[in-house]
>>> print(open('target-v5.txt').read())   # compact mmCIF, C-alpha atoms
# COMPACT_ATOMS: atom_id res chain seq x y z
CA MET A 1 -20.15 18.37 -16.14
CA GLU A 2 -17.28 17.18 -14.04
CA ARG A 3 -16.21 13.62 -14.53
CA VAL A 4 -13.88 11.56 -12.39
CA PRO A 5 -11.32 9.90 -14.65
CA VAL A 6 -10.79 6.13 -14.51
CA LEU A 7 -7.14 5.19 -15.07
CA LYS A 8 -6.08 1.71 -16.16
CA ILE A 9 -2.86 0.39 -14.68
CA GLY A 10 -2.21 -3.20 -15.62
CA ASP A 11 -5.08 -5.32 -14.34
CA ILE A 12 -6.41 -2.54 -12.13
CA LEU A 13 -8.63 0.49 -12.59
CA LEU A 14 -7.66 3.45 -10.43
CA VAL A 15 -10.04 6.24 -9.47
CA SER A 16 -8.88 9.25 -7.49
CA ILE A 17 -11.82 11.11 -6.00
CA GLN A 18 -10.88 14.73 -5.38
CA THR A 19 -14.09 16.71 -5.42
CA ASP A 20 -17.25 16.54 -3.37
CA MET A 21 -19.34 13.79 -4.87
CA GLU A 22 -22.60 15.21 -6.13
CA ASP A 23 -25.40 12.98 -7.32
CA GLN A 24 -24.64 13.35 -11.02
CA VAL A 25 -20.89 12.90 -10.59
CA ALA A 26 -21.44 9.78 -8.50
CA LEU A 27 -23.86 8.26 -11.02
CA GLN A 28 -21.56 9.08 -13.92
CA LEU A 29 -18.63 7.48 -12.09
CA GLN A 30 -20.64 4.29 -11.49
CA GLU A 31 -21.51 4.12 -15.20
CA ASP A 32 -17.99 4.93 -16.40
CA LEU A 33 -16.43 2.41 -14.06
CA ALA A 34 -18.85 -0.38 -15.01
CA ALA A 35 -18.22 0.32 -18.70
CA ARG A 36 -14.44 0.31 -18.21
CA ILE A 37 -14.50 -2.95 -16.23
CA VAL A 38 -16.41 -4.61 -19.07
CA ALA A 39 -14.24 -3.01 -21.80
CA THR A 40 -10.89 -3.82 -20.17
CA GLY A 41 -11.65 -7.05 -18.31
CA CYS A 42 -9.88 -5.66 -15.25
CA HIS A 43 -10.35 -7.60 -12.03
CA GLY A 44 -9.56 -4.89 -9.52
CA VAL A 45 -10.74 -1.38 -8.72
CA ILE A 46 -8.87 0.98 -6.41
CA ILE A 47 -10.59 4.12 -5.20
CA ASP A 48 -8.30 6.69 -3.64
CA ILE A 49 -10.04 9.08 -1.23
CA SER A 50 -6.93 10.72 0.22
CA ALA A 51 -8.12 14.10 -1.06
CA LEU A 52 -11.44 13.91 0.79
CA ASP A 53 -11.84 15.85 4.03
CA ILE A 54 -15.27 14.43 4.67
CA VAL A 55 -16.92 11.10 3.90
CA ASP A 56 -20.61 11.37 4.65
CA SER A 57 -23.32 8.76 4.32
CA PHE A 58 -23.89 9.61 0.65
CA VAL A 59 -20.24 9.06 -0.25
CA GLY A 60 -20.22 5.90 1.88
CA ARG A 61 -23.27 4.61 0.01
CA THR A 62 -21.73 5.53 -3.35
CA LEU A 63 -18.56 3.60 -2.49
CA ALA A 64 -20.63 0.60 -1.40
CA THR A 65 -22.65 0.73 -4.64
CA ILE A 66 -19.49 0.88 -6.73
CA ALA A 67 -18.08 -2.10 -4.83
CA SER A 68 -21.30 -4.07 -5.43
CA ILE A 69 -21.44 -3.22 -9.14
CA SER A 70 -17.78 -4.18 -9.53
CA ARG A 71 -18.31 -7.44 -7.68
CA VAL A 72 -21.08 -8.60 -10.03
CA LEU A 73 -18.72 -7.74 -12.91
CA ASP A 74 -16.02 -9.96 -11.34
CA ALA A 75 -13.85 -7.11 -10.05
CA GLU A 76 -12.90 -6.47 -6.43
CA THR A 77 -12.86 -2.97 -4.97
CA VAL A 78 -10.47 -1.54 -2.41
CA VAL A 79 -10.82 1.96 -0.98
CA VAL A 80 -7.43 3.48 -0.13
CA GLY A 81 -5.94 6.62 1.39
CA MET A 82 -8.55 7.38 4.02
CA ARG A 83 -7.35 10.12 6.35
CA PRO A 84 -7.27 9.36 10.08
CA ALA A 85 -9.71 12.22 10.78
CA VAL A 86 -12.13 10.83 8.19
CA ALA A 87 -12.03 7.39 9.82
CA ILE A 88 -12.73 8.90 13.24
CA THR A 89 -15.65 10.98 11.96
CA LEU A 90 -17.10 8.02 10.06
CA VAL A 91 -17.22 5.86 13.15
CA GLU A 92 -18.58 8.72 15.27
CA LEU A 93 -21.38 9.07 12.71
CA GLY A 94 -22.11 5.37 13.12
CA LEU A 95 -20.91 4.56 9.59
CA SER A 96 -18.49 1.67 9.30
CA LEU A 97 -18.57 1.18 5.51
CA PRO A 98 -19.86 -2.40 5.54
CA GLY A 99 -18.88 -4.42 2.49
CA ILE A 100 -16.01 -2.10 1.61
CA ARG A 101 -12.43 -3.24 1.92
CA THR A 102 -9.75 -0.68 2.66
CA ALA A 103 -5.98 -0.37 2.47
CA LEU A 104 -3.65 2.39 3.61
CA ASN A 105 -2.40 3.42 0.18
CA VAL A 106 -2.53 2.54 -3.51
CA GLU A 107 0.44 0.19 -3.36
CA LEU A 108 -0.98 -1.82 -0.44
CA GLY A 109 -4.35 -1.91 -2.21
CA MET A 110 -2.72 -3.29 -5.35
CA ALA A 111 -0.88 -5.90 -3.29
CA MET A 112 -4.16 -6.88 -1.62
CA LEU A 113 -5.91 -7.31 -4.98
CA ALA A 114 -2.99 -9.28 -6.42
CA ARG A 115 -2.96 -11.62 -3.41
CA GLU A 116 -6.68 -12.28 -3.66
CA ARG A 117 -6.52 -12.82 -7.38
CA ALA A 118 -3.73 -15.35 -6.89
CA ALA A 119 -5.76 -17.10 -4.16
CA ASP A 120 -8.82 -17.22 -6.45
CA ASP A 121 -6.78 -18.66 -9.29
CA ASP A 122 -5.35 -21.31 -6.98
CA GLU A 123 -8.83 -22.29 -5.90
CA GLN A 124 -10.00 -22.59 -9.47
CA ASN A 125 -6.97 -24.70 -10.32
CA ASP A 126 -7.64 -26.90 -7.31
CA ASP A 127 -11.19 -27.36 -8.48
CA ALA A 128 -10.02 -28.25 -11.94
CA GLU A 129 -7.41 -30.67 -10.66
CA GLU A 130 -9.80 -32.46 -8.34
CA PRO A 131 -10.29 -36.00 -9.60
CA ALA A 132 -13.77 -36.63 -10.87
CA VAL A 133 -15.82 -38.73 -8.54
CA THR A 134 -16.48 -41.98 -10.30
CA GLN A 135 -19.97 -43.29 -10.05
CA PRO A 136 -20.16 -46.76 -8.50
CA MET B 1 -7.84 24.46 0.39
CA GLU B 2 -8.00 21.89 -2.31
CA ARG B 3 -4.98 19.71 -2.77
CA VAL B 4 -4.18 17.39 -5.64
CA PRO B 5 -3.13 14.02 -4.19
CA VAL B 6 0.16 12.45 -5.22
CA LEU B 7 -0.09 8.65 -5.44
CA LYS B 8 2.96 6.39 -5.28
CA ILE B 9 2.89 3.31 -7.49
CA GLY B 10 6.16 1.43 -7.45
CA ASP B 11 8.89 3.75 -8.70
CA ILE B 12 6.41 6.28 -10.04
CA LEU B 13 4.41 9.14 -8.60
CA LEU B 14 0.99 9.60 -10.20
CA VAL B 15 -0.95 12.85 -10.16
CA SER B 16 -4.45 13.10 -11.61
CA ILE B 17 -5.42 16.71 -12.20
CA GLN B 18 -9.18 17.05 -12.17
CA THR B 19 -9.96 20.62 -11.23
CA ASP B 20 -9.06 23.93 -12.75
CA MET B 21 -5.57 24.74 -11.56
CA GLU B 22 -5.62 27.91 -9.55
CA ASP B 23 -2.41 29.60 -8.44
CA GLN B 24 -2.45 28.23 -4.93
CA VAL B 25 -3.34 24.69 -6.00
CA ALA B 26 -0.57 24.71 -8.60
CA LEU B 27 2.03 25.98 -6.12
CA GLN B 28 0.94 23.46 -3.52
CA LEU B 29 1.17 20.64 -6.07
CA GLN B 30 4.71 21.68 -7.01
CA GLU B 31 5.72 21.65 -3.34
CA ASP B 32 3.99 18.36 -2.56
CA LEU B 33 5.46 16.67 -5.60
CA ALA B 34 9.00 17.88 -4.90
CA ALA B 35 8.70 16.72 -1.28
CA ARG B 36 7.38 13.30 -2.34
CA ILE B 37 10.14 12.82 -4.94
CA VAL B 38 12.74 13.47 -2.26
CA ALA B 39 10.96 11.36 0.37
CA THR B 40 10.34 8.35 -1.87
CA GLY B 41 13.30 8.49 -4.26
CA CYS B 42 10.95 7.91 -7.19
CA HIS B 43 12.43 8.45 -10.64
CA GLY B 44 9.25 9.07 -12.58
CA VAL B 45 6.25 11.39 -12.42
CA ILE B 46 3.08 10.85 -14.43
CA ILE B 47 0.54 13.65 -14.65
CA ASP B 48 -2.86 12.63 -15.96
CA ILE B 49 -4.85 15.47 -17.51
CA SER B 50 -7.64 13.38 -19.03
CA ALA B 51 -10.19 15.23 -16.89
CA LEU B 52 -9.19 18.65 -18.20
CA ASP B 53 -11.34 20.32 -20.86
CA ILE B 54 -8.98 23.22 -21.26
CA VAL B 55 -5.21 23.57 -20.97
CA ASP B 56 -4.34 27.24 -21.09
CA SER B 57 -0.95 28.92 -20.91
CA PHE B 58 -1.01 28.91 -17.09
CA VAL B 59 -1.58 25.16 -16.90
CA GLY B 60 1.04 24.66 -19.63
CA ARG B 61 3.54 26.70 -17.63
CA THR B 62 2.68 24.83 -14.44
CA LEU B 63 3.29 21.49 -16.16
CA ALA B 64 6.61 22.76 -17.53
CA THR B 65 7.65 23.97 -14.07
CA ILE B 66 6.77 20.62 -12.52
CA ALA B 67 8.79 18.84 -15.20
CA SER B 68 11.79 21.11 -14.54
CA ILE B 69 11.61 20.70 -10.76
CA SER B 70 11.33 16.93 -11.15
CA ARG B 71 14.28 16.85 -13.54
CA VAL B 72 16.64 18.57 -11.11
CA LEU B 73 15.49 16.02 -8.51
CA ASP B 74 16.40 13.19 -10.93
CA ALA B 75 12.84 12.28 -11.90
CA GLU B 76 11.37 12.36 -15.39
CA THR B 77 7.87 13.69 -16.04
CA VAL B 78 5.35 12.44 -18.58
CA VAL B 79 1.99 14.11 -19.15
CA VAL B 80 -0.69 11.61 -20.16
CA GLY B 81 -4.33 11.49 -21.17
CA MET B 82 -4.56 14.71 -23.17
CA ARG B 83 -7.87 14.90 -25.01
CA PRO B 84 -7.75 15.40 -28.78
CA ALA B 85 -9.70 18.66 -28.48
CA VAL B 86 -7.20 19.95 -25.91
CA ALA B 87 -4.28 19.17 -28.23
CA ILE B 88 -5.98 21.02 -31.09
CA THR B 89 -6.74 24.07 -28.95
CA LEU B 90 -3.21 24.13 -27.54
CA VAL B 91 -1.63 24.25 -30.97
CA GLU B 92 -4.16 26.82 -32.18
CA LEU B 93 -3.15 28.98 -29.22
CA GLY B 94 0.48 28.65 -30.29
CA LEU B 95 1.36 26.53 -27.24
CA SER B 96 3.28 23.36 -27.95
CA LEU B 97 4.33 22.49 -24.39
CA PRO B 98 8.09 22.62 -24.98
CA GLY B 99 10.11 20.45 -22.60
CA ILE B 100 7.12 18.29 -21.72
CA ARG B 101 6.92 14.69 -22.82
CA THR B 102 3.55 13.11 -23.39
CA ALA B 103 2.02 9.65 -23.72
CA LEU B 104 -1.50 8.57 -24.57
CA ASN B 105 -2.35 6.97 -21.25
CA VAL B 106 -0.94 6.05 -17.86
CA GLU B 107 0.24 2.62 -18.96
CA LEU B 108 2.13 3.96 -21.99
CA GLY B 109 3.60 6.69 -19.79
CA MET B 110 4.83 4.09 -17.30
CA ALA B 111 6.33 2.04 -20.14
CA MET B 112 8.10 5.16 -21.47
CA LEU B 113 9.58 5.95 -18.05
CA ALA B 114 10.67 2.34 -17.52
CA ARG B 115 12.39 2.24 -20.93
CA GLU B 116 14.26 5.47 -20.27
CA ARG B 117 15.29 4.37 -16.83
CA ALA B 118 16.66 1.14 -18.29
CA ALA B 119 18.52 3.10 -20.98
CA ASP B 120 19.98 5.44 -18.34
CA ASP B 121 21.12 2.52 -16.23
CA ASP B 122 22.80 0.94 -19.25
CA GLU B 123 24.64 4.17 -19.98
CA GLN B 124 25.84 4.43 -16.42
CA ASN B 125 27.03 0.84 -16.54
CA ASP B 126 28.83 1.52 -19.81
CA ASP B 127 30.50 4.54 -18.23
CA ALA B 128 31.56 2.50 -15.25
CA GLU B 129 32.96 -0.27 -17.40
CA GLU B 130 35.02 2.07 -19.55
CA PRO B 131 38.70 1.46 -18.84
CA ALA B 132 40.36 4.35 -17.08
CA VAL B 133 42.68 6.34 -19.29
CA THR B 134 46.17 5.84 -17.99
CA GLN B 135 48.31 8.90 -17.79
CA PRO B 136 51.48 8.64 -19.82
>>> encode(input="target-v5.txt", output="structure tokens")
Amino acid sequence: MERVPVLKIGDILLVSIQTDMEDQVALQLQEDLAARIVATGCHGVIIDISALDIVDSFVGRTLATIASISRVLDAETVVVGMRPAVAITLVELGLSLPGIRTALNVELGMAMLARERAADDDEQNDDAEEPAVTQP
Amino acid sequence: MERVPVLKIGDILLVSIQTDMEDQVALQLQEDLAARIVATGCHGVIIDISALDIVDSFVGRTLATIASISRVLDAETVVVGMRPAVAITLVELGLSLPGIRTALNVELGMAMLARERAADDDEQNDDAEEPAVTQP
């Protein structure tokens, strides 16, 4: 069976989808990705779809599921490399990929994830630094 | 026609080969990669073959050609993610991928390229700092 490889680059897992996503491939990818997030402790997932000519509702749903799984495992997902024609067709089909963040290419996706991670860390630090409210 | 996407990450171009390389796909990849090296000025190419079950002599030759093309365009190539079974089969077939450097995964490949780049830069600096030989 075909399997989409998951590549680790620093704190990010990169998936490049190149073939039509069939049910089994999509399920396997969800499992592999979840396992890798847990094994590596990565906080970001980038899915490159620049090789895809068509993104139909099944692929859209698969991407949304991956994003949701990642989120509950404390990793953010960014879909990158969407072709202009794919974006046009998606919207014409009435699909707008709700819940999925996108960036133009892998580098911009990485920058987006790094920015958000930094913002999250700041928030946590702020929380930690907040003086405890003293009870009267 | 299928096309293997070339992803730019910093100073490195990343290619993840997931399908059986047919003639046309291999030729297209060579062209795309050469064009991207020139367009981006990247000095490193990483080819991930972790999705491949089989590396035959054609794929071996394609990888060698890509490495040679990259080299004349001032970019080094590292092949990463080879499965143990693939390595065993390759050697049994009498193929040892001459002229191709390998690393276990993308991260180690990136580290290898960064090290070599640093070493090259040092050499160039040394050359530049060498005092000119004065003619008698």
>>> closest_atom_pairs(input="target-v5.txt", of="chain B", to="chain A", cutoff="7 Å", atoms="all atoms listed in the file", output="JSON lines")
{"residue": "B:Arg3", "atom": "CA", "partner": "A:Ala51", "partner_atom": "CA", "distance": 6.7}
{"residue": "B:Val4", "atom": "CA", "partner": "A:Ala51", "partner_atom": "CA", "distance": 6.9}
{"residue": "B:Pro5", "atom": "CA", "partner": "A:Ala51", "partner_atom": "CA", "distance": 5.9}
{"residue": "B:Leu7", "atom": "CA", "partner": "A:Val106", "partner_atom": "CA", "distance": 6.9}
{"residue": "B:Lys8", "atom": "CA", "partner": "A:Val106", "partner_atom": "CA", "distance": 6.9}
{"residue": "B:Ile9", "atom": "CA", "partner": "A:Glu107", "partner_atom": "CA", "distance": 5.7}
{"residue": "B:Ser50", "atom": "CA", "partner": "A:Pro5", "partner_atom": "CA", "distance": 6.7}
{"residue": "B:Ala51", "atom": "CA", "partner": "A:Pro5", "partner_atom": "CA", "distance": 5.9}
{"residue": "B:Val106", "atom": "CA", "partner": "A:Ile9", "partner_atom": "CA", "distance": 6.8}
{"residue": "B:Glu107", "atom": "CA", "partner": "A:Ile9", "partner_atom": "CA", "distance": 5.7}
>>> closest_residue(input="target-v5.txt", among="B:Leu14, B:Ile37, B:Gly99, B:Ser68", to="Val80 (chain B)", atoms="only C-alpha atoms")
B:Leu14
>>> atom_distance(input="target-v5.txt", atom1="CA of Ser57 (chain A)", atom2="CA of Arg101 (chain A)")
16.4 Å
>>> calpha_fit_and_write(input="target-v5.txt", fixed="chain B", moving="chain A", output="CSV table (one decimal) with C-alpha atoms, in the coordinates of the input")
chain,number,residue,atom,x,y,z
A,1,MET,CA,-8.1,24.3,0.4
A,2,GLU,CA,-8.2,21.7,-2.3
A,3,ARG,CA,-5.1,19.6,-2.8
A,4,VAL,CA,-4.3,17.3,-5.7
A,5,PRO,CA,-3.2,13.9,-4.2
A,6,VAL,CA,0.2,12.4,-5.2
A,7,LEU,CA,-0.1,8.6,-5.5
A,8,LYS,CA,3.0,6.4,-5.3
A,9,ILE,CA,3.0,3.3,-7.5
A,10,GLY,CA,6.3,1.5,-7.5
A,11,ASP,CA,9.0,3.8,-8.7
A,12,ILE,CA,6.5,6.4,-10.1
A,13,LEU,CA,4.4,9.2,-8.6
A,14,LEU,CA,1.0,9.6,-10.2
A,15,VAL,CA,-0.9,12.8,-10.2
A,16,SER,CA,-4.4,13.0,-11.7
A,17,ILE,CA,-5.5,16.6,-12.2
A,18,GLN,CA,-9.2,16.9,-12.2
A,19,THR,CA,-10.1,20.5,-11.3
A,20,ASP,CA,-9.2,23.8,-12.8
A,21,MET,CA,-5.7,24.7,-11.6
A,22,GLU,CA,-5.8,27.8,-9.5
A,23,ASP,CA,-2.7,29.6,-8.4
A,24,GLN,CA,-2.7,28.1,-4.9
A,25,VAL,CA,-3.5,24.6,-6.0
A,26,ALA,CA,-0.8,24.7,-8.6
A,27,LEU,CA,1.8,26.0,-6.1
A,28,GLN,CA,0.8,23.4,-3.5
A,29,LEU,CA,1.0,20.6,-6.0
A,30,GLN,CA,4.6,21.7,-7.0
A,31,GLU,CA,5.6,21.7,-3.3
A,32,ASP,CA,3.9,18.4,-2.5
A,33,LEU,CA,5.4,16.7,-5.6
A,34,ALA,CA,8.9,18.0,-4.8
A,35,ALA,CA,8.6,16.8,-1.2
A,36,ARG,CA,7.3,13.4,-2.3
A,37,ILE,CA,10.1,12.9,-4.9
A,38,VAL,CA,12.7,13.6,-2.2
A,39,ALA,CA,10.9,11.4,0.4
A,40,THR,CA,10.3,8.4,-1.9
A,41,GLY,CA,13.3,8.6,-4.2
A,42,CYS,CA,11.0,8.0,-7.1
A,43,HIS,CA,12.5,8.6,-10.6
A,44,GLY,CA,9.3,9.2,-12.6
A,45,VAL,CA,6.3,11.5,-12.4
A,46,ILE,CA,3.1,10.9,-14.4
A,47,ILE,CA,0.6,13.7,-14.7
A,48,ASP,CA,-2.8,12.6,-16.0
A,49,ILE,CA,-4.8,15.4,-17.6
A,50,SER,CA,-7.6,13.3,-19.1
A,51,ALA,CA,-10.2,15.1,-17.0
A,52,LEU,CA,-9.2,18.5,-18.3
A,53,ASP,CA,-11.4,20.2,-20.9
A,54,ILE,CA,-9.1,23.1,-21.3
A,55,VAL,CA,-5.3,23.5,-21.0
A,56,ASP,CA,-4.5,27.2,-21.1
A,57,SER,CA,-1.1,28.9,-20.9
A,58,PHE,CA,-1.2,28.9,-17.1
A,59,VAL,CA,-1.7,25.1,-16.9
A,60,GLY,CA,0.9,24.7,-19.6
A,61,ARG,CA,3.4,26.8,-17.6
A,62,THR,CA,2.5,24.9,-14.4
A,63,LEU,CA,3.2,21.5,-16.1
A,64,ALA,CA,6.5,22.9,-17.5
A,65,THR,CA,7.5,24.1,-14.0
A,66,ILE,CA,6.7,20.7,-12.5
A,67,ALA,CA,8.7,19.0,-15.1
A,68,SER,CA,11.7,21.3,-14.5
A,69,ILE,CA,11.5,20.8,-10.7
A,70,SER,CA,11.3,17.1,-11.1
A,71,ARG,CA,14.2,17.0,-13.5
A,72,VAL,CA,16.6,18.8,-11.0
A,73,LEU,CA,15.4,16.2,-8.4
A,74,ASP,CA,16.4,13.4,-10.8
A,75,ALA,CA,12.8,12.5,-11.8
A,76,GLU,CA,11.4,12.5,-15.3
A,77,THR,CA,7.9,13.8,-16.0
A,78,VAL,CA,5.4,12.5,-18.6
A,79,VAL,CA,2.0,14.2,-19.2
A,80,VAL,CA,-0.6,11.6,-20.2
A,81,GLY,CA,-4.2,11.4,-21.2
A,82,MET,CA,-4.5,14.7,-23.2
A,83,ARG,CA,-7.8,14.8,-25.1
A,84,PRO,CA,-7.7,15.3,-28.8
A,85,ALA,CA,-9.7,18.6,-28.5
A,86,VAL,CA,-7.2,19.9,-25.9
A,87,ALA,CA,-4.3,19.2,-28.3
A,88,ILE,CA,-6.0,21.0,-31.1
A,89,THR,CA,-6.8,24.0,-29.0
A,90,LEU,CA,-3.3,24.1,-27.5
A,91,VAL,CA,-1.7,24.3,-31.0
A,92,GLU,CA,-4.3,26.8,-32.2
A,93,LEU,CA,-3.3,29.0,-29.2
A,94,GLY,CA,0.3,28.7,-30.3
A,95,LEU,CA,1.2,26.6,-27.2
A,96,SER,CA,3.2,23.5,-27.9
A,97,LEU,CA,4.3,22.6,-24.4
A,98,PRO,CA,8.0,22.8,-24.9
A,99,GLY,CA,10.1,20.6,-22.6
A,100,ILE,CA,7.1,18.4,-21.7
A,101,ARG,CA,7.0,14.8,-22.8
A,102,THR,CA,3.6,13.2,-23.4
A,103,ALA,CA,2.1,9.7,-23.8
A,104,LEU,CA,-1.4,8.6,-24.6
A,105,ASN,CA,-2.2,7.0,-21.3
A,106,VAL,CA,-0.8,6.0,-17.9
A,107,GLU,CA,0.4,2.6,-19.0
A,108,LEU,CA,2.3,4.0,-22.0
A,109,GLY,CA,3.8,6.8,-19.8
A,110,MET,CA,5.0,4.2,-17.3
A,111,ALA,CA,6.5,2.1,-20.2
A,112,MET,CA,8.3,5.3,-21.5
A,113,LEU,CA,9.7,6.1,-18.0
A,114,ALA,CA,10.9,2.5,-17.5
A,115,ARG,CA,12.6,2.4,-20.9
A,116,GLU,CA,14.4,5.7,-20.2
A,117,ARG,CA,15.4,4.6,-16.8
A,118,ALA,CA,16.8,1.3,-18.2
A,119,ALA,CA,18.7,3.3,-20.9
A,120,ASP,CA,20.2,5.7,-18.2
A,121,ASP,CA,21.3,2.7,-16.1
A,122,ASP,CA,22.9,1.1,-19.1
A,123,GLU,CA,24.8,4.3,-19.8
A,124,GLN,CA,26.0,4.6,-16.2
A,125,ASN,CA,27.1,1.0,-16.4
A,126,ASP,CA,29.0,1.6,-19.6
A,127,ASP,CA,30.7,4.5,-18.0
A,128,ALA,CA,31.7,2.5,-15.0
A,129,GLU,CA,32.9,-0.4,-17.2
A,130,GLU,CA,35.0,1.8,-19.4
A,131,PRO,CA,38.7,1.0,-18.9
A,132,ALA,CA,40.6,3.8,-17.2
A,133,VAL,CA,42.8,5.6,-19.6
A,134,THR,CA,46.3,4.9,-18.5
A,135,GLN,CA,48.6,7.9,-18.4
A,136,PRO,CA,51.7,7.4,-20.6
>>> atom_distance(input="target-v5.txt", atom1="CA of Cys42 (chain A)", atom2="CA of Ile12 (chain A)")
5.6 Å
>>> axis_aligned_box(input="target-v5.txt", around="region 112-127 of chain A", padding_each_side="8 Å", output="AutoDock Vina command-line options")
--center_x -7.1 --center_y -17.1 --center_z -6.0 --size_x 24.2 --size_y 36.5 --size_z 24.7
>>> atom_distance(input="target-v5.txt", atom1="CA of Ser96 (chain A)", atom2="CA of Thr65 (chain A)")
14.6 Å
>>> residues_around(input="target-v5.txt", residues="Leu95 (chain B)", least_positions_apart="3", cutoff="12 Å", atoms="only C-alpha atoms", output="short mmCIF file (atom, residue, chain, number, x, y, z; two decimals) with C-alpha atoms, in the frame of the given file")
data_model
loop_
_atom_site.label_atom_id
_atom_site.label_comp_id
_atom_site.auth_asym_id
_atom_site.auth_seq_id
_atom_site.Cartn_x
_atom_site.Cartn_y
_atom_site.Cartn_z
CA VAL B 55 -5.21 23.57 -20.97
CA ASP B 56 -4.34 27.24 -21.09
CA SER B 57 -0.95 28.92 -20.91
CA PHE B 58 -1.01 28.91 -17.09
CA VAL B 59 -1.58 25.16 -16.90
CA GLY B 60 1.04 24.66 -19.63
CA ARG B 61 3.54 26.70 -17.63
CA ALA B 64 6.61 22.76 -17.53
CA VAL B 86 -7.20 19.95 -25.91
CA ALA B 87 -4.28 19.17 -28.23
CA ILE B 88 -5.98 21.02 -31.09
CA THR B 89 -6.74 24.07 -28.95
CA LEU B 90 -3.21 24.13 -27.54
CA VAL B 91 -1.63 24.25 -30.97
CA GLU B 92 -4.16 26.82 -32.18
CA PRO B 98 8.09 22.62 -24.98
CA GLY B 99 10.11 20.45 -22.60
CA ILE B 100 7.12 18.29 -21.72
#
>>> closest_residue(input="target-v5.txt", among="A:Ala39, A:Leu93, A:Ala34, A:Ile46", to="Val72 (chain A)", atoms="only C-alpha atoms")
A:Ala34
>>> closest_residue(input="target-v5.txt", among="B:Asp121, B:Glu22, B:Asp11, B:Glu76", to="Thr102 (chain B)", atoms="only C-alpha atoms")
B:Glu76
>>> residues_around(input="target-v5.txt", residues="Arg117 (chain B)", least_positions_apart="2", cutoff="12 Å", atoms="all atoms listed in the file", output="PDB file with C-alpha atoms, keeping the file's coordinate frame")
ATOM      1  CA  ASP B  11       8.890   3.750  -8.700  1.00  0.00           C
ATOM      2  CA  ILE B  12       6.410   6.280 -10.040  1.00  0.00           C
ATOM      3  CA  CYS B  42      10.950   7.910  -7.190  1.00  0.00           C
ATOM      4  CA  HIS B  43      12.430   8.450 -10.640  1.00  0.00           C
ATOM      5  CA  GLY B  44       9.250   9.070 -12.580  1.00  0.00           C
ATOM      6  CA  ASP B  74      16.400  13.190 -10.930  1.00  0.00           C
ATOM      7  CA  ALA B  75      12.840  12.280 -11.900  1.00  0.00           C
ATOM      8  CA  GLU B  76      11.370  12.360 -15.390  1.00  0.00           C
ATOM      9  CA  THR B  77       7.870  13.690 -16.040  1.00  0.00           C
ATOM     10  CA  MET B 110       4.830   4.090 -17.300  1.00  0.00           C
ATOM     11  CA  ALA B 111       6.330   2.040 -20.140  1.00  0.00           C
ATOM     12  CA  MET B 112       8.100   5.160 -21.470  1.00  0.00           C
ATOM     13  CA  LEU B 113       9.580   5.950 -18.050  1.00  0.00           C
ATOM     14  CA  ALA B 114      10.670   2.340 -17.520  1.00  0.00           C
ATOM     15  CA  ARG B 115      12.390   2.240 -20.930  1.00  0.00           C
ATOM     16  CA  ALA B 119      18.520   3.100 -20.980  1.00  0.00           C
ATOM     17  CA  ASP B 120      19.980   5.440 -18.340  1.00  0.00           C
ATOM     18  CA  ASP B 121      21.120   2.520 -16.230  1.00  0.00           C
ATOM     19  CA  ASP B 122      22.800   0.940 -19.250  1.00  0.00           C
ATOM     20  CA  GLU B 123      24.640   4.170 -19.980  1.00  0.00           C
ATOM     21  CA  GLN B 124      25.840   4.430 -16.420  1.00  0.00           C
TER      22      GLN B 124
END
